[in-house]
Every structure is written in C-alpha cells, then in structure tokens.
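Student: Sharing entry-v4.csv (CSV, C-alpha atoms) below.
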```
chain,number,residue,atom,x,y,z
S,1,MET,CA,27.8,14.9,42.2
S,2,ASN,CA,31.5,14.2,41.8
S,3,ARG,CA,33.3,15.5,44.8
S,4,TYR,CA,36.5,16.1,42.8
S,5,LEU,CA,34.8,18.5,40.4
S,6,PRO,CA,35.5,21.7,42.4
S,7,HIS,CA,39.2,20.7,42.7
S,8,LEU,CA,39.5,20.1,39.0
S,9,ALA,CA,37.8,23.4,38.2
S,10,LEU,CA,40.3,25.2,40.6
S,11,CYS,CA,43.2,23.4,39.0
S,12,GLY,CA,42.0,24.4,35.6
S,13,LEU,CA,41.6,28.1,36.6
S,14,SER,CA,45.0,28.1,38.2
S,15,GLY,CA,46.5,26.7,35.0
S,16,LEU,CA,44.7,29.3,32.9
S,17,PHE,CA,45.9,32.2,35.1
S,18,LEU,CA,49.5,30.8,35.0
S,19,ALA,CA,49.4,30.6,31.2
S,20,LEU,CA,48.0,34.1,30.9
S,21,PHE,CA,50.7,35.4,33.3
S,22,LEU,CA,53.5,33.7,31.5
S,23,SER,CA,52.2,34.9,28.1
S,24,GLY,CA,52.1,38.4,29.4
S,25,CYS,CA,55.7,38.2,30.4
S,26,ALA,CA,56.7,36.8,27.0
S,27,THR,CA,54.8,39.5,25.3
S,28,HIS,CA,56.5,42.2,27.3
S,29,LEU,CA,59.9,40.8,26.5
S,30,GLN,CA,59.0,40.5,22.8
S,31,LYS,CA,57.8,44.1,22.8
S,32,LYS,CA,61.0,45.3,24.5
S,33,GLU,CA,63.2,43.3,22.0
S,34,THR,CA,61.2,44.8,19.0
S,35,PHE,CA,61.7,48.3,20.3
S,36,LEU,CA,65.4,47.7,20.9
S,37,THR,CA,65.9,46.3,17.4
S,38,GLN,CA,64.0,49.3,15.9
S,39,ALA,CA,66.3,51.6,17.8
S,40,GLY,CA,69.4,49.9,16.2
S,41,PHE,CA,70.5,47.4,18.8
S,42,ARG,CA,72.5,44.5,17.3
S,43,ALA,CA,71.7,40.9,18.0
S,44,VAL,CA,74.8,38.9,19.2
S,45,LYS,CA,75.0,35.2,20.0
S,46,PRO,CA,77.7,34.5,22.7
S,47,GLN,CA,80.4,32.3,21.2
S,48,THR,CA,83.4,32.1,23.5
S,49,PRO,CA,83.4,30.7,27.0
S,50,ALA,CA,84.0,34.2,28.4
S,51,GLN,CA,81.0,35.6,26.4
S,52,ILE,CA,78.8,32.7,27.5
S,53,ALA,CA,79.8,33.2,31.1
S,54,HIS,CA,79.0,37.0,30.9
S,55,PHE,CA,75.8,36.3,29.1
S,56,GLN,CA,74.6,33.9,31.8
S,57,SER,CA,75.5,36.5,34.5
S,58,LEU,CA,73.0,39.0,33.0
S,59,PRO,CA,69.5,39.1,34.4
S,60,PRO,CA,67.2,37.8,31.6
S,61,GLY,CA,64.8,40.4,30.1
S,62,HIS,CA,66.4,43.4,31.9
S,63,ILE,CA,68.4,46.2,30.2
S,64,ARG,CA,71.8,46.6,31.8
S,65,HIS,CA,74.6,49.0,31.0
S,66,GLU,CA,78.4,48.6,31.3
S,67,GLU,CA,81.4,50.7,30.6
S,68,LYS,CA,83.8,49.1,28.1
S,69,ASN,CA,86.8,50.9,26.6
S,70,GLY,CA,85.4,54.3,27.6
S,71,GLN,CA,82.0,53.6,26.0
S,72,THR,CA,78.6,52.8,27.6
S,73,LEU,CA,77.0,49.7,26.2
S,74,TYR,CA,73.4,48.7,26.9
S,75,MET,CA,72.5,45.0,26.8
S,76,LEU,CA,69.4,42.8,27.1
S,77,ALA,CA,69.8,39.1,27.5
S,78,ASP,CA,67.2,36.6,26.2
S,79,PRO,CA,68.3,33.1,27.3
S,80,THR,CA,65.4,31.4,25.5
S,81,LYS,CA,66.8,32.6,22.2
S,82,ASN,CA,70.5,32.6,23.3
S,83,LEU,CA,70.6,36.2,22.2
S,84,LEU,CA,72.1,39.4,23.5
S,85,LEU,CA,70.9,42.7,22.1
S,86,VAL,CA,73.7,45.3,22.3
S,87,GLY,CA,73.6,49.1,21.7
S,88,GLY,CA,75.4,52.3,22.6
S,89,GLU,CA,74.1,55.5,24.0
S,90,ALA,CA,72.6,56.7,20.7
S,91,GLU,CA,70.7,53.5,20.3
S,92,TYR,CA,69.5,53.6,23.9
S,93,ALA,CA,68.3,57.2,23.4
S,94,GLN,CA,66.4,56.1,20.3
S,95,TYR,CA,64.9,53.2,22.3
S,96,GLN,CA,63.7,55.6,24.9
S,97,GLU,CA,62.0,57.8,22.3
S,98,ILE,CA,60.3,54.7,20.7
S,99,LEU,CA,59.2,53.5,24.2
S,100,TYR,CA,57.8,57.0,25.0
S,101,ALA,CA,56.0,57.3,21.6
S,102,LYS,CA,54.4,53.8,21.8
S,103,GLU,CA,53.8,53.3,25.5
S,104,VAL,CA,53.7,56.6,27.4
S,105,GLU,CA,52.1,59.0,24.8
S,106,PRO,CA,49.0,56.8,24.2
S,107,GLY,CA,48.4,56.8,28.0
S,108,LYS,CA,48.7,60.6,28.1
S,109,LYS,CA,46.0,60.9,25.4
S,110,ALA,CA,43.7,58.6,27.5
S,111,ASP,CA,44.4,60.8,30.5
S,112,LYS,CA,43.4,63.9,28.6
S,113,ILE,CA,40.1,62.3,27.5
S,114,THR,CA,39.4,61.2,31.2
S,115,LYS,CA,40.2,64.8,32.4
S,116,GLY,CA,37.9,66.2,29.7
S,117,ILE,CA,35.1,64.0,30.9
S,118,ALA,CA,35.8,65.0,34.5
S,119,ASN,CA,35.7,68.7,33.4
S,120,ILE,CA,32.3,68.2,31.7
S,121,TRP,CA,31.0,66.5,34.9
S,122,ASP,CA,32.3,69.4,37.1
S,123,GLN,CA,30.7,72.0,34.8
S,124,GLY,CA,27.2,71.1,35.8
S,125,TRP,CA,26.4,67.6,34.6
S,126,GLY,CA,27.4,66.2,37.9
S,127,SER,CA,24.9,68.3,39.8
S,128,VAL,CA,22.1,67.5,37.2
S,129,LEU,CA,22.7,63.8,37.2
S,130,GLY,CA,23.6,63.7,40.9
S,131,SER,CA,20.2,65.1,41.7
S,132,MET,CA,18.6,62.1,39.9
S,133,VAL,CA,20.2,59.6,42.3
S,134,PRO,CA,18.0,58.7,45.2
S,135,GLN,CA,19.4,59.7,48.6
```
Take the structure in the file and give it back as structure tokens.
Tutor:
Amino acid sequence: MNRYLPHLALCGLSGLFLALFLSGCATHLQKKETFLTQAGFRAVKPQTPAQIAHFQSLPPGHIRHEEKNGQTLYMLADPTKNLLLVGGEAEYAQYQEILYAKEVEPGKKADKITKGIANIWDQGWGSVLGSMVPQ
C-alpha cells in the first residue's frame, strides 16, 4: 500500500472544504448584492484617486454608513468587481424589508412547524412512543 495515500486523501479533503467555504462566502456576497440592487442601490465604479482611496479603505462585503452633506449613505464594496453599491436611508430600509422577507420569514415558518411537531409530541404521542423505548 502506498504510504502517501492517506496524506493525499487529507489534502484532497482539505481542498474540498476550502472550496466549499469560499464558495459559501461568494454566494453570501452575491445574495447581499442582489438584495441591495433590488432595493434600489446604485452601482458605482470608483474613478478619481480620492474615490479609489476611499473604496479601498472600506471593508469588502460589509455594509457601512457615512454622513455626507447631511445625508446618510450606505455602501457595500466589492473589490473583485471594482464596484461600490450606494444607497440612502430609503433604499436601506427597502433592503432590510427584502432581507427579512427572504431570510428571516422562511426561518420563522420552519420554527412554527417545529413547534407544532413539539406540541403534538407533548399532547400524548411522546408518552405513547416513549413507552415503546426499552429502558
């Protein structure tokens, strides 16, 4: 038996997990960008040296807000696309509604189903099925 085979298998699994992890991050960022665009955020490419410097100072993939000329602006930087998504308070509120409807609400529905199953269990099925388990 080849003594390097376990090491190769471990390297292969490590590579697979790394690829899955990175694809999960990319998917999360893509989803966030899609929701922001649906909410009315504008895509802007930095052009001037000052814009480029500001763009590079923003943490990639995180929504940040800044006050500019008395207005609150929300921004998300995507350095892989050299793109900045920018919106105001109305667009950010719309983004939060979209996020709630697509991410939080489905989880609440699943919680209701789980609680319903727990209620059925508590209303007697637990004692019936529990008595069938050997002690």
Student: Just how far from CA of Leu84 (chain S) is CA of Val44 (chain S), in Å to one decimal?
Tutor: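 Rounded to one decimal, the two atoms are 5.1 Å apart.
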Student: Using only C-alpha atoms, determine which residues lie at most 10 Å from Glu66 (chain S), disregarding the query and same-chain residues fewer than 5 positions distant; provide the list as a PyMOL selection string.
Tutor: chain S and resi 71-75+88
Student: Nearest to His28 (chain S): which of S:Pro46, S:Pro79, S:Gly61, S:Gly40 is it, counting all atoms listed in the file?
Tutor: S:Gly61
Student: At a cut-off of 8 Å, using only C-alpha atoms, what residues contact region 97-101 of chain S? Leave out same-chain residues fewer than 4 positions from it and give the result as a ChimeraX atom specification.
Tutor: /S:35,39,93,105-106
Student: Can you measure CA of Phe55 (chain S) to CA of Ala90 (chain S) for me? One decimal in Å is fine.
Tutor: 22.3 Å
Student: Please compute the CA of Glu103 (chain S)-CA of Lys31 (chain S) distance, one decimal, in Å.
Tutor: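 Taking CA of Glu103 (chain S) as the start and CA of Lys31 (chain S) as the end point, the length is 10.4 Å.
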Student: Of the candidates S:Lys45, S:Lys102, S:Lys81, S:Lys32, which shows the shortest atom-to-atom distance to Ile63 (chain S), using all atoms listed in the file?
Tutor: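 Of S:Lys45, S:Lys102, S:Lys81, S:Lys32, the one nearest Ile63 (chain S) is S:Lys32, counting all atoms listed in the file.
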Student: With distances taken over all atoms listed in the file, which residue among S:His65, S:Pro60, S:Arg42, S:Tyr95 lies nearest Thr80 (chain S)?
Tutor: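 With all atoms listed in the file as the atom set, the closest residue is S:Pro60.
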